[in-house]
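Source file: protein-v8.txt. Holds: compact mmCIF, C-alpha atoms and all ligand atoms.
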```
# COMPACT_ATOMS: atom_id res chain seq x y z
CA MET B 1 -32.35 6.95 18.32
CA ARG B 2 -30.04 9.56 19.85
CA ALA B 3 -26.31 9.84 19.24
CA VAL B 4 -25.67 10.57 22.92
CA ASP B 5 -27.15 7.19 23.94
CA LEU B 6 -24.96 5.34 21.43
CA ILE B 7 -21.84 7.16 22.64
CA GLN B 8 -22.74 6.23 26.23
CA LYS B 9 -23.38 2.60 25.26
CA LYS B 10 -19.96 2.34 23.60
CA ARG B 11 -18.27 4.25 26.43
CA ASN B 12 -19.65 1.65 28.86
CA GLY B 13 -18.32 -1.23 26.75
CA GLY B 14 -21.58 -2.16 25.03
CA GLN B 15 -21.95 -3.48 21.50
CA LEU B 16 -23.80 -1.40 18.91
CA SER B 17 -26.24 -3.04 16.51
CA ALA B 18 -26.07 -2.71 12.71
CA ALA B 19 -28.95 -0.19 12.83
CA GLU B 20 -27.19 1.88 15.48
CA ILE B 21 -23.92 1.99 13.52
CA ASP B 22 -25.80 2.90 10.37
CA PHE B 23 -27.55 5.71 12.26
CA LEU B 24 -24.19 7.16 13.33
CA VAL B 25 -22.46 6.87 9.93
CA ASP B 26 -25.43 8.06 7.91
CA GLY B 27 -26.19 10.90 10.34
CA TYR B 28 -22.56 12.03 10.33
CA CYS B 29 -22.42 12.02 6.54
CA ARG B 30 -25.58 14.12 6.33
CA ASP B 31 -24.24 16.59 8.91
CA GLN B 32 -27.04 15.62 11.31
CA ILE B 33 -24.52 14.35 13.86
CA PRO B 34 -21.90 16.99 14.71
CA ASP B 35 -18.13 16.47 14.83
CA TYR B 36 -18.07 16.69 18.64
CA GLN B 37 -20.40 13.72 19.05
CA MET B 38 -18.61 11.64 16.40
CA SER B 39 -15.27 12.44 18.09
CA ALA B 40 -16.64 11.30 21.44
CA TRP B 41 -17.83 8.06 19.84
CA ALA B 42 -14.44 7.51 18.11
CA MET B 43 -12.67 8.03 21.44
CA ALA B 44 -15.06 5.55 23.12
CA VAL B 45 -14.17 3.04 20.36
CA PHE B 46 -10.48 3.81 20.88
CA PHE B 47 -10.74 2.69 24.52
CA GLN B 48 -13.45 0.01 24.32
CA GLY B 49 -12.73 -1.49 20.89
CA MET B 50 -15.37 -3.07 18.66
CA SER B 51 -16.47 -6.66 18.10
CA VAL B 52 -15.92 -8.34 14.71
CA GLU B 53 -19.64 -7.84 13.94
CA GLU B 54 -19.56 -4.14 14.80
CA THR B 55 -16.37 -3.61 12.78
CA ALA B 56 -17.92 -5.36 9.76
CA GLU B 57 -21.11 -3.26 10.08
CA LEU B 58 -19.08 -0.05 10.30
CA THR B 59 -17.13 -1.10 7.19
CA LEU B 60 -20.30 -1.82 5.22
CA ALA B 61 -21.96 1.42 6.35
CA MET B 62 -18.93 3.41 5.14
CA ALA B 63 -18.72 1.40 1.88
CA ARG B 64 -22.41 2.22 1.23
CA SER B 65 -21.90 5.93 1.91
CA GLY B 66 -20.77 6.70 -1.66
CA ASP B 67 -20.25 5.10 -5.09
CA GLN B 68 -19.82 1.34 -5.20
CA VAL B 69 -17.96 -0.01 -8.21
CA ASN B 70 -19.75 -2.85 -9.95
CA LEU B 71 -17.27 -5.25 -11.55
CA ALA B 72 -19.89 -7.91 -12.34
CA SER B 73 -19.28 -7.67 -16.09
CA ILE B 74 -15.65 -8.71 -15.64
CA HIS B 75 -15.34 -12.48 -15.98
CA GLY B 76 -14.12 -14.63 -13.12
CA ILE B 77 -12.98 -13.78 -9.61
CA LYS B 78 -11.53 -10.27 -9.37
CA VAL B 79 -8.73 -9.97 -6.84
CA ASP B 80 -7.48 -6.71 -5.40
CA LYS B 81 -4.46 -5.95 -3.25
CA HIS B 82 -3.75 -3.25 -0.75
CA SER B 83 -0.59 -2.15 1.00
CA THR B 84 -0.69 -0.25 4.28
CA GLY B 85 1.95 1.97 2.75
CA GLY B 86 5.66 2.08 2.67
CA VAL B 87 8.69 3.74 1.18
CA GLY B 88 9.85 2.29 -2.14
CA ASP B 89 6.74 0.12 -2.36
CA LYS B 90 6.27 -0.56 -6.05
CA THR B 91 4.67 -3.99 -5.59
CA THR B 92 1.43 -3.22 -7.48
CA LEU B 93 3.42 -2.57 -10.67
CA ILE B 94 4.83 -6.09 -10.44
CA VAL B 95 2.03 -8.04 -8.76
CA ALA B 96 -0.81 -6.89 -11.06
CA PRO B 97 0.81 -8.22 -14.30
CA LEU B 98 2.17 -11.27 -12.51
CA VAL B 99 -1.25 -12.29 -11.23
CA ALA B 100 -2.91 -11.47 -14.59
CA ALA B 101 -0.34 -13.72 -16.31
CA CYS B 102 -1.55 -16.54 -14.03
CA GLY B 103 -5.08 -16.07 -15.38
CA VAL B 104 -6.59 -14.09 -12.47
CA HIS B 105 -8.18 -10.74 -13.28
CA VAL B 106 -6.92 -7.61 -11.56
CA ALA B 107 -9.14 -4.52 -11.81
CA LYS B 108 -7.42 -2.08 -9.54
CA MET B 109 -7.93 1.47 -8.40
CA SER B 110 -4.89 3.13 -6.84
CA GLY B 111 -4.09 6.44 -5.24
CA ARG B 112 -1.59 9.25 -5.47
CA GLY B 113 1.18 9.69 -2.95
CA LEU B 114 1.17 12.14 -0.08
CA GLY B 115 4.04 12.93 2.27
CA HIS B 116 6.89 10.44 2.48
CA THR B 117 5.10 7.53 0.76
CA GLY B 118 4.64 7.35 -3.00
CA GLY B 119 1.48 6.43 -4.88
CA THR B 120 1.08 3.85 -7.63
CA ILE B 121 -0.73 6.30 -9.87
CA ASP B 122 2.18 8.78 -9.79
CA LYS B 123 4.57 5.95 -10.63
CA LEU B 124 2.46 4.88 -13.62
CA GLU B 125 2.20 8.47 -14.84
CA SER B 126 5.98 8.69 -14.99
CA MET B 127 5.60 6.72 -18.24
CA ALA B 128 4.69 9.42 -20.78
CA GLY B 129 1.13 9.16 -22.04
CA PHE B 130 -0.11 6.69 -19.40
CA GLN B 131 -3.85 7.27 -18.91
CA ILE B 132 -5.06 6.80 -15.36
CA GLU B 133 -8.63 7.75 -16.20
CA LEU B 134 -10.70 5.18 -18.07
CA THR B 135 -14.48 5.08 -18.41
CA GLN B 136 -16.20 2.20 -16.60
CA GLN B 137 -16.72 0.57 -20.03
CA GLN B 138 -13.04 0.92 -21.01
CA PHE B 139 -11.94 -0.37 -17.61
CA VAL B 140 -14.12 -3.49 -17.83
CA SER B 141 -13.19 -4.21 -21.49
CA GLN B 142 -9.48 -3.84 -20.80
CA VAL B 143 -9.59 -6.28 -17.87
CA ASN B 144 -11.64 -8.78 -19.90
CA GLU B 145 -9.22 -8.49 -22.83
CA ILE B 146 -5.78 -8.39 -21.22
CA GLY B 147 -6.48 -9.42 -17.63
CA LEU B 148 -5.58 -6.18 -15.85
CA ALA B 149 -6.03 -2.45 -15.53
CA VAL B 150 -4.78 -0.03 -12.89
CA ILE B 151 -6.57 3.32 -12.76
CA GLY B 152 -6.90 6.31 -10.44
CA GLN B 153 -9.71 6.54 -7.94
CA SER B 154 -12.63 8.33 -9.49
CA GLY B 155 -16.10 9.21 -8.30
CA ASN B 156 -17.15 9.52 -4.72
CA ILE B 157 -15.82 6.43 -2.93
CA THR B 158 -16.50 6.14 0.84
CA PRO B 159 -17.18 9.80 1.74
CA ALA B 160 -18.01 8.64 5.29
CA ASP B 161 -14.48 7.30 5.68
CA LYS B 162 -12.96 10.52 4.32
CA LYS B 163 -14.92 12.60 6.82
CA LEU B 164 -14.29 10.28 9.76
CA TYR B 165 -10.59 9.87 8.96
CA ALA B 166 -10.11 13.66 8.86
CA LEU B 167 -11.83 13.87 12.26
CA ARG B 168 -9.72 11.03 13.73
CA ASP B 169 -6.60 12.77 12.50
CA VAL B 170 -7.29 15.77 14.75
CA THR B 171 -8.80 13.93 17.74
CA ALA B 172 -5.99 11.41 18.44
CA THR B 173 -8.17 8.47 17.37
CA VAL B 174 -6.30 7.26 14.27
CA GLU B 175 -4.44 4.48 16.12
CA SER B 176 -7.46 2.29 16.79
CA ILE B 177 -7.29 -1.13 15.13
CA PRO B 178 -11.05 -1.49 14.41
CA LEU B 179 -11.17 2.06 13.03
CA ILE B 180 -8.11 1.55 10.79
CA ALA B 181 -9.33 -1.87 9.65
CA SER B 182 -12.82 -0.62 8.77
CA SER B 183 -11.38 2.44 7.03
CA VAL B 184 -9.10 0.37 4.76
CA MET B 185 -11.65 -2.37 4.09
CA SER B 186 -14.53 0.03 3.33
CA LYS B 187 -12.51 1.41 0.40
CA LYS B 188 -11.59 -2.07 -0.85
CA ILE B 189 -15.19 -3.28 -0.62
CA ALA B 190 -16.57 -0.21 -2.39
CA ALA B 191 -13.96 -0.80 -5.14
CA GLY B 192 -15.78 -4.02 -5.99
CA ALA B 193 -13.24 -6.88 -5.84
CA ASP B 194 -14.36 -10.38 -4.86
CA ALA B 195 -11.17 -11.18 -2.97
CA ILE B 196 -8.53 -9.01 -1.30
CA VAL B 197 -4.89 -9.60 -0.36
CA LEU B 198 -3.40 -7.18 2.14
CA ASP B 199 0.26 -6.29 2.54
CA VAL B 200 0.58 -5.08 6.11
CA LYS B 201 3.92 -3.47 6.88
CA THR B 202 5.60 -3.38 10.24
CA GLY B 203 8.78 -1.67 11.45
CA SER B 204 10.27 1.78 11.78
CA GLY B 205 8.98 2.89 8.37
CA ALA B 206 5.43 1.62 8.95
CA PHE B 207 2.24 2.63 10.68
CA MET B 208 2.32 -0.52 12.82
CA LYS B 209 5.63 -0.52 14.66
CA THR B 210 5.45 -4.07 16.10
CA ILE B 211 4.67 -7.41 14.52
CA GLU B 212 1.97 -8.04 17.14
CA ASP B 213 0.13 -4.82 16.22
CA ALA B 214 0.51 -5.57 12.51
CA GLU B 215 -0.93 -9.05 13.04
CA ALA B 216 -3.83 -7.66 15.06
CA LEU B 217 -4.61 -5.16 12.27
CA ALA B 218 -4.31 -7.86 9.60
CA LYS B 219 -6.58 -10.20 11.57
CA ALA B 220 -9.18 -7.43 12.01
CA MET B 221 -9.19 -6.83 8.24
CA VAL B 222 -9.32 -10.55 7.38
CA ASP B 223 -12.23 -10.95 9.84
CA ILE B 224 -14.09 -8.08 8.16
CA GLY B 225 -13.56 -9.55 4.68
CA THR B 226 -14.70 -12.97 5.86
CA ALA B 227 -17.76 -11.51 7.63
CA VAL B 228 -18.90 -9.64 4.50
CA GLY B 229 -18.27 -12.48 2.04
CA ARG B 230 -15.02 -11.27 0.42
CA GLN B 231 -12.19 -13.74 0.81
CA THR B 232 -9.30 -11.90 2.39
CA SER B 233 -5.78 -12.80 3.44
CA ALA B 234 -2.78 -10.78 4.54
CA ILE B 235 0.99 -10.92 4.61
CA ILE B 236 2.94 -9.11 7.29
CA SER B 237 6.20 -7.78 5.88
CA ASP B 238 9.13 -5.87 7.31
CA MET B 239 9.49 -2.13 6.76
CA ASP B 240 12.63 -1.57 8.81
CA GLN B 241 14.18 -0.32 5.57
CA PRO B 242 12.75 0.75 2.21
CA LEU B 243 11.66 -2.03 -0.15
CA GLY B 244 14.10 -2.69 -2.99
CA PHE B 245 16.67 0.00 -3.80
CA ALA B 246 14.70 2.69 -5.63
CA ILE B 247 12.58 5.50 -4.16
CA GLY B 248 10.93 7.93 -6.59
CA ASN B 249 8.50 7.46 -9.43
CA ALA B 250 10.43 6.68 -12.65
CA LEU B 251 13.22 5.04 -10.61
CA GLU B 252 10.65 2.70 -9.07
CA VAL B 253 9.10 1.90 -12.45
CA ALA B 254 12.56 0.95 -13.71
CA GLU B 255 13.08 -1.31 -10.68
CA ALA B 256 9.64 -2.88 -11.17
CA ILE B 257 10.48 -3.64 -14.81
CA ARG B 258 13.81 -5.18 -13.80
CA THR B 259 11.92 -7.32 -11.29
CA LEU B 260 9.48 -8.46 -13.98
CA ARG B 261 12.53 -9.38 -16.09
CA GLY B 262 13.71 -11.56 -13.19
CA GLU B 263 16.54 -9.17 -12.32
CA GLY B 264 14.95 -7.46 -9.34
CA PRO B 265 16.15 -7.03 -5.75
CA GLU B 266 15.76 -10.11 -3.59
CA ASP B 267 13.41 -8.54 -1.01
CA LEU B 268 11.08 -6.98 -3.55
CA THR B 269 10.95 -10.15 -5.64
CA ALA B 270 10.20 -12.34 -2.60
CA LEU B 271 7.38 -10.07 -1.40
CA CYS B 272 5.84 -9.86 -4.88
CA ILE B 273 5.90 -13.64 -5.26
CA ALA B 274 4.30 -14.13 -1.83
CA LEU B 275 1.54 -11.56 -2.47
CA SER B 276 0.88 -12.84 -5.98
CA ALA B 277 0.64 -16.44 -4.77
CA GLN B 278 -2.02 -15.42 -2.22
CA MET B 279 -3.93 -13.57 -4.95
CA VAL B 280 -3.70 -16.49 -7.37
CA LEU B 281 -4.96 -18.84 -4.65
CA LEU B 282 -7.93 -16.60 -3.77
CA GLY B 283 -8.56 -16.12 -7.50
CA GLY B 284 -9.05 -19.88 -7.83
CA ALA B 285 -6.19 -20.48 -10.32
CA ALA B 286 -4.33 -22.94 -8.08
CA ALA B 287 -5.37 -25.68 -5.67
CA ASP B 288 -3.08 -24.66 -2.83
CA LEU B 289 -0.46 -22.06 -1.92
CA ALA B 290 2.49 -24.18 -3.11
CA ALA B 291 0.89 -24.65 -6.54
CA ALA B 292 0.04 -20.92 -6.67
CA GLU B 293 3.64 -19.98 -5.91
CA ALA B 294 4.97 -22.39 -8.56
CA LEU B 295 2.62 -20.87 -11.14
CA VAL B 296 3.72 -17.34 -10.19
CA ARG B 297 7.42 -18.21 -10.46
CA GLU B 298 6.81 -19.77 -13.87
CA GLN B 299 5.12 -16.60 -15.20
CA LEU B 300 8.02 -14.50 -13.95
CA LYS B 301 10.64 -16.79 -15.47
CA SER B 302 8.92 -17.20 -18.84
CA GLY B 303 8.56 -13.43 -19.35
CA LYS B 304 4.76 -13.71 -19.49
CA ALA B 305 4.37 -11.32 -16.55
CA LEU B 306 6.51 -8.70 -18.33
CA GLU B 307 4.39 -9.27 -21.42
CA ARG B 308 1.22 -8.45 -19.38
CA PHE B 309 2.94 -5.26 -18.16
CA ARG B 310 3.68 -4.25 -21.77
CA ALA B 311 0.08 -5.00 -22.73
CA MET B 312 -1.25 -2.86 -19.87
CA ILE B 313 0.88 0.18 -20.57
CA ALA B 314 0.15 -0.03 -24.30
CA ALA B 315 -3.61 -0.29 -23.61
CA GLN B 316 -3.40 2.74 -21.31
CA GLY B 317 -1.51 4.94 -23.75
CA ALA B 318 2.19 4.63 -22.83
CA ASP B 319 4.97 3.28 -25.04
CA PRO B 320 5.44 -0.46 -24.33
CA ALA B 321 9.08 -0.12 -25.47
CA VAL B 322 9.73 1.31 -21.98
CA ALA B 323 9.77 -2.30 -20.76
CA ASP B 324 12.81 -2.97 -22.97
CA HIS B 325 14.54 0.42 -22.86
CA LEU B 326 14.59 1.92 -19.38
CA SER B 327 16.36 4.99 -20.80
CA LEU B 328 12.94 6.03 -22.20
CA LEU B 329 11.89 6.86 -18.63
CA PRO B 330 12.49 10.40 -17.32
CA GLN B 331 16.08 10.85 -16.09
CA ALA B 332 17.26 13.32 -13.46
CA ALA B 333 19.74 16.03 -14.51
CA VAL B 334 22.10 15.61 -11.57
CA VAL B 335 23.20 12.51 -9.64
CA ILE B 336 24.78 13.18 -6.23
CA GLU B 337 26.68 10.62 -4.15
CA VAL B 338 25.92 10.15 -0.46
CA LYS B 339 29.02 8.67 1.19
CA ALA B 340 29.39 6.86 4.51
CA GLY B 341 30.99 8.99 7.22
CA ARG B 342 32.28 5.96 9.15
CA SER B 343 33.04 2.29 8.71
CA GLY B 344 30.90 -0.49 10.15
CA TYR B 345 27.69 -2.32 9.33
CA VAL B 346 24.41 -0.82 8.17
CA GLN B 347 22.22 -1.47 11.21
CA ARG B 348 19.05 0.21 10.04
CA ILE B 349 17.85 2.47 7.23
CA GLU B 350 15.24 4.98 8.35
CA ALA B 351 12.65 4.46 5.62
CA GLU B 352 10.58 7.49 6.59
CA GLU B 353 13.64 9.77 6.51
CA LEU B 354 14.65 8.60 3.03
CA GLY B 355 11.02 8.95 1.94
CA ILE B 356 11.09 12.56 3.15
CA CYS B 357 14.40 13.20 1.33
CA ALA B 358 12.86 11.83 -1.89
CA MET B 359 9.82 14.05 -1.35
CA LEU B 360 12.05 17.11 -0.80
CA LEU B 361 13.93 16.29 -4.03
CA GLY B 362 10.52 16.64 -5.71
CA ALA B 363 9.41 12.99 -6.01
CA GLY B 364 6.48 13.48 -3.63
CA ARG B 365 4.11 16.16 -2.46
CA ALA B 366 3.85 17.70 0.99
CA ALA B 367 0.31 18.91 0.20
CA LYS B 368 -2.42 17.47 -2.00
CA ASP B 369 -2.34 18.49 -5.71
CA GLU B 370 1.28 19.75 -5.64
CA PRO B 371 3.18 18.97 -8.87
CA ILE B 372 5.90 16.31 -8.72
CA ASP B 373 9.05 15.56 -10.70
CA TYR B 374 8.91 11.99 -12.02
CA ALA B 375 12.64 11.71 -12.65
CA VAL B 376 14.00 12.47 -9.18
CA GLY B 377 14.48 10.25 -6.15
CA ILE B 378 17.01 8.04 -4.44
CA THR B 379 18.69 4.78 -5.33
CA MET B 380 20.18 3.09 -2.28
CA GLN B 381 23.48 1.36 -2.88
CA ARG B 382 23.55 -0.47 0.45
CA LYS B 383 20.98 -2.40 2.47
CA VAL B 384 20.75 -3.40 6.13
CA GLY B 385 23.44 -5.89 7.22
CA GLU B 386 26.07 -4.86 4.66
CA ALA B 387 29.57 -3.86 5.73
CA VAL B 388 30.70 -0.39 4.66
CA THR B 389 33.96 1.51 4.77
CA ALA B 390 34.02 5.29 5.35
CA GLY B 391 33.74 6.93 1.95
CA ASP B 392 31.67 4.14 0.35
CA VAL B 393 28.61 5.33 -1.54
CA LEU B 394 25.45 4.59 0.48
CA ALA B 395 22.96 6.13 -1.92
CA LEU B 396 22.59 8.27 -5.01
CA LEU B 397 20.34 11.31 -5.00
CA HIS B 398 18.77 11.86 -8.42
CA ALA B 399 18.04 15.59 -8.38
CA ALA B 400 16.69 18.24 -10.73
CA ASP B 401 19.68 20.49 -9.96
CA ASP B 402 22.56 21.07 -7.55
CA GLY B 403 20.08 22.18 -4.87
CA GLY B 404 19.76 18.45 -4.10
CA ARG B 405 23.15 18.66 -2.33
CA GLN B 406 21.39 20.18 0.69
CA LEU B 407 19.89 16.76 1.37
CA VAL B 408 23.15 14.81 1.44
CA ASP B 409 23.59 14.96 5.24
CA ARG B 410 19.97 14.09 5.93
CA ALA B 411 20.14 11.09 3.59
CA ARG B 412 23.46 9.98 5.13
CA ASN B 413 21.95 10.15 8.62
CA ALA B 414 19.12 7.84 7.52
CA PHE B 415 21.73 5.06 7.30
CA ILE B 416 22.49 4.00 10.88
CA ILE B 417 25.98 2.50 10.90
CA GLY B 418 27.34 0.61 13.92
CA ALA B 419 30.28 -1.57 14.78
CA GLU B 420 28.35 -4.84 15.08
CA ALA B 421 26.69 -6.80 12.29
CA PRO B 422 22.95 -6.52 13.05
CA ARG B 423 20.66 -9.51 13.48
CA LEU B 424 18.71 -9.59 10.25
CA ARG B 425 14.95 -9.89 10.41
CA PRO B 426 13.36 -11.80 7.53
CA LEU B 427 11.25 -9.74 5.12
CA LEU B 428 8.23 -12.02 5.27
CA LEU B 429 7.05 -12.29 8.86
CA SER B 430 3.58 -13.87 8.93
CA ALA B 431 0.57 -14.82 6.88
CA VAL B 432 -2.93 -14.16 8.17
CA THR B 433 -5.87 -16.03 6.69
CA SER B 434 -9.37 -16.85 7.92
CA ASP B 435 -7.73 -19.96 9.48
CA GLY B 436 -5.48 -17.84 11.71
CA ILE B 437 -2.00 -16.37 11.95
CA ALA B 438 1.10 -18.31 10.88
CA ARG B 439 4.60 -16.93 11.43
CA TYR B 440 6.93 -17.70 8.49
CA ALA B 441 9.90 -18.37 10.74
CA ASP B 442 8.01 -20.89 12.98
N1 LIG B 501 -5.11 4.27 6.25
C1 LIG B 501 -6.43 4.31 6.06
O1 LIG B 501 -6.90 4.21 4.92
N2 LIG B 501 -7.24 4.46 7.11
C2 LIG B 501 -6.78 4.57 8.38
O2 LIG B 501 -7.57 4.69 9.29
C3 LIG B 501 -5.39 4.54 8.58
C4 LIG B 501 -4.57 4.38 7.49
```
Produce structure tokens that represent the structure in this file.
Amino acid sequence: MRAVDLIQKKRNGGQLSAAEIDFLVDGYCRDQIPDYQMSAWAMAVFFQGMSVEETAELTLAMARSGDQVNLASIHGIKVDKHSTGGVGDKTTLIVAPLVAACGVHVAKMSGRGLGHTGGTIDKLESMAGFQIELTQQQFVSQVNEIGLAVIGQSGNITPADKKLYALRDVTATVESIPLIASSVMSKKIAAGADAIVLDVKTGSGAFMKTIEDAEALAKAMVDIGTAVGRQTSAIISDMDQPLGFAIGNALEVAEAIRTLRGEGPEDLTALCIALSAQMVLLGGAAADLAAAEALVREQLKSGKALERFRAMIAAQGADPAVADHLSLLPQAAVVIEVKAGRSGYVQRIEAEELGICAMLLGAGRAAKDEPIDYAVGITMQRKVGEAVTAGDVLALLHAADDGGRQLVDRARNAFIIGAEAPRLRPLLLSAVTSDGIARYAD
């Protein structure tokens, strides 16, 4: 086999076989196929696309390229979740205990944040003592005993994806739905779960700007999961503004705990219930989606989900009293008000801009391995659709020192205020399962 023939075949709209895809992925990983040929192939895929079979084969080839986590010694169906990334997205902190409280095991590996989006692992580490590294044996025992564990990614998961993603980043081939779908799903499949629920964001703060693109990406990922024998479903949710009110590690943990107490923001609570219900359904703990949602709501109301959260943080070395005393979380030294410059309605909140402000306050890192400050971030005081009067507080900047004042104008400008009340888009837009795409509003 020769790489040049496979590039030509794809360029001409042909379909590559499993053996041909394996040849490319394996050869690229072993440095036998150079970057220039892999870039040419990625560009051919960008223009010609890939069939469901090819996308599934590419996913499996990348999943096989490194360590594959074996969760067989955890009882029952293990369900994972993945979010395509957003600002203020603390759903894993809520969904994992909520689903575990329903009797479905969650053995989850999460990542650190980079750029304007935060990472679950950084949020968990804002609770003093929280251990994100467990041995395989500790990980399995914890999930069997208390129903959940969330740890950092260890080992060498999907090196082929890492190498290909870095190449796509510099060859204008990131925005290809089969390449994104296989990249995300290869990591989920290598992480070992039996079933996967995807939270695909759309809107100004998301990778997929339109609902149609988000649905196409979700469908590509559901098709991959179905083709490789892992039940997969997806929810498309709005990211035209940050999720909830808090952005920044300890601030988001506090908001997650409030949500588990039943006192969370409406949007965050609704998304967590919807994602959890899908996970509970795929995990086999309910007969249909309505029963799954009822079970989830019951666990939230009874406090059992919060109890699972306490159990998890205690098992992983943090003080479970955090769940009852939010003042135990790191607190910023200075709180700065961001006030509206004009009256009107909040039309839009630029999620990415607020994410960048939080990062510049120290909540995130611009480059890998930079230290972060767990206490700092932003708490929004207003959401899209609300009326404001000039001088009203739009947000609070939680800063390490007065230097945070430099970000006041940038944060203010992230709130787009206009004279008219905007048409509000619902948070939950569609659900994508192996049966097809259903819009919530239809
Ligand atoms: N996130 C991923 O993990 N992969 C992509 O290709 C794009 C976003």
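Counting only C-alpha atoms, region 88-91 of chain B has the following residues at most 8 Å away, ignoring those fewer than 5 positions along the same chain: B:Thr117, B:Gly118, B:Thr120, B:Pro242, B:Leu243, B:Gly244, B:Phe245, B:Ala246, B:Ile247, B:Gly248, B:Glu252, B:Val253, B:Ala256, B:Leu268, B:Leu271, B:Cys272, B:Gly355.
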_Calculated over all atoms listed in the file, which of the candidates B:Leu60, B:Val52, B:Met312, B:Leu217 has the smallest distance to ligand LIG 501 (chain B)?_
B:Leu217
*Got a sec to check which residues lie within 8 Å of ligand LIG 501 (chain B), using all atoms listed in the file, and send them as a ChimeraX atom specification?*
/B:84,161,165,174-176,179-184,187,207
*Extract, using all atoms listed in the file, all DNA, RNA and protein residues at most 7 Å from Gly283 (chain B), discarding same-chain residues fewer than 5 positions from it, and format them as an MDAnalysis selection string.*
chainID B and resid 77:79 104
*Name all residues at most 12 Å from Glu263 (chain B) (count only C-alpha atoms; drop same-chain ones fewer than 5 positions away) and give them as a VMD selection string.*
chain B and resid 244 254 to 258 268 to 269 300 to 301 303 306
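Of the listed residues (B:Val99, B:Val222, B:Glu337, B:Phe139), B:Val99 comes nearest to Glu298 (chain B); the distances count all atoms listed in the file.
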*Starting from the point (5.1, -17.1, -9.1), work out which residues of protein, DNA or RNA have an atom no more than 8 Å away when counting all atoms listed in the file; state them as an NGL selection string.*
:B and (98 or 273-274 or 276-277 or 292-300)
*asked:* Using all atoms listed in the file, can you tell me which of B:Met43, B:Leu93, B:Ala333, B:Ala287 comes closest to Thr171 (chain B)?
replied: B:Met43
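For the choices B:Val25, B:Ala96, B:Ala399, B:Val87, the atom-to-atom distance to Lys162 (chain B) is smallest for B:Val25 when using only C-alpha atoms.
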Quick one: contact table of region 120-139 of chain B to region 62-76 of chain B, 12 Å max, nearest atom pair and distance in Å to one decimal per residue, counting only C-alpha atoms, chain and number order, as a Markdown table?
```
| residue | atom | partner | partner_atom | distance |
| --- | --- | --- | --- | --- |
| B:Thr135 | CA | B:Val69 | CA | 11.9 |
| B:Gln136 | CA | B:Val69 | CA | 8.9 |
| B:Gln137 | CA | B:Ser73 | CA | 9.5 |
| B:Gln138 | CA | B:Ile74 | CA | 11.3 |
| B:Phe139 | CA | B:Ile74 | CA | 9.3 |
```
*So what do you get for CA of Met109 (chain B) versus CA of Ile121 (chain B), distance-wise?*
8.8 Å
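Note that CA of Gly115 (chain B) and CA of Gly362 (chain B) are 10.9 Å apart.
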Please produce region 367-378 of chain B, completed to N, CA and C atoms, as a JSON list (two decimals), in the coordinates of the input.
```json
[["chain", "number", "residue", "atom", "x", "y", "z"],
["B", 367, "ALA", "N", 1.74, 18.60, 0.13],
["B", 367, "ALA", "CA", 0.31, 18.91, 0.20],
["B", 367, "ALA", "C", -0.37, 18.38, -1.06],
["B", 368, "LYS", "N", -1.65, 18.03, -0.89],
["B", 368, "LYS", "CA", -2.42, 17.47, -2.00],
["B", 368, "LYS", "C", -2.34, 18.38, -3.24],
["B", 369, "ASP", "N", -2.30, 17.77, -4.43],
["B", 369, "ASP", "CA", -2.34, 18.49, -5.71],
["B", 369, "ASP", "C", -1.06, 19.25, -6.07],
["B", 370, "GLU", "N", 0.01, 19.12, -5.25],
["B", 370, "GLU", "CA", 1.28, 19.75, -5.64],
["B", 370, "GLU", "C", 1.86, 19.00, -6.83],
["B", 371, "PRO", "N", 2.56, 19.70, -7.75],
["B", 371, "PRO", "CA", 3.18, 18.97, -8.87],
["B", 371, "PRO", "C", 4.37, 18.14, -8.38],
["B", 372, "ILE", "N", 4.71, 17.08, -9.10],
["B", 372, "ILE", "CA", 5.90, 16.31, -8.72],
["B", 372, "ILE", "C", 6.81, 16.15, -9.94],
["B", 373, "ASP", "N", 8.06, 15.79, -9.65],
["B", 373, "ASP", "CA", 9.05, 15.56, -10.70],
["B", 373, "ASP", "C", 9.26, 14.05, -10.78],
["B", 374, "TYR", "N", 8.87, 13.47, -11.91],
["B", 374, "TYR", "CA", 8.91, 11.99, -12.02],
["B", 374, "TYR", "C", 10.32, 11.43, -12.01],
["B", 375, "ALA", "N", 11.28, 12.24, -12.45],
["B", 375, "ALA", "CA", 12.64, 11.71, -12.65],
["B", 375, "ALA", "C", 13.43, 11.56, -11.36],
["B", 376, "VAL", "N", 13.11, 12.38, -10.35],
["B", 376, "VAL", "CA", 14.00, 12.47, -9.18],
["B", 376, "VAL", "C", 13.71, 11.39, -8.14],
["B", 377, "GLY", "N", 14.66, 11.23, -7.22],
["B", 377, "GLY", "CA", 14.48, 10.25, -6.15],
["B", 377, "GLY", "C", 15.82, 9.77, -5.63],
["B", 378, "ILE", "N", 15.80, 8.58, -5.07],
["B", 378, "ILE", "CA", 17.01, 8.04, -4.44],
["B", 378, "ILE", "C", 17.19, 6.59, -4.88]]
```
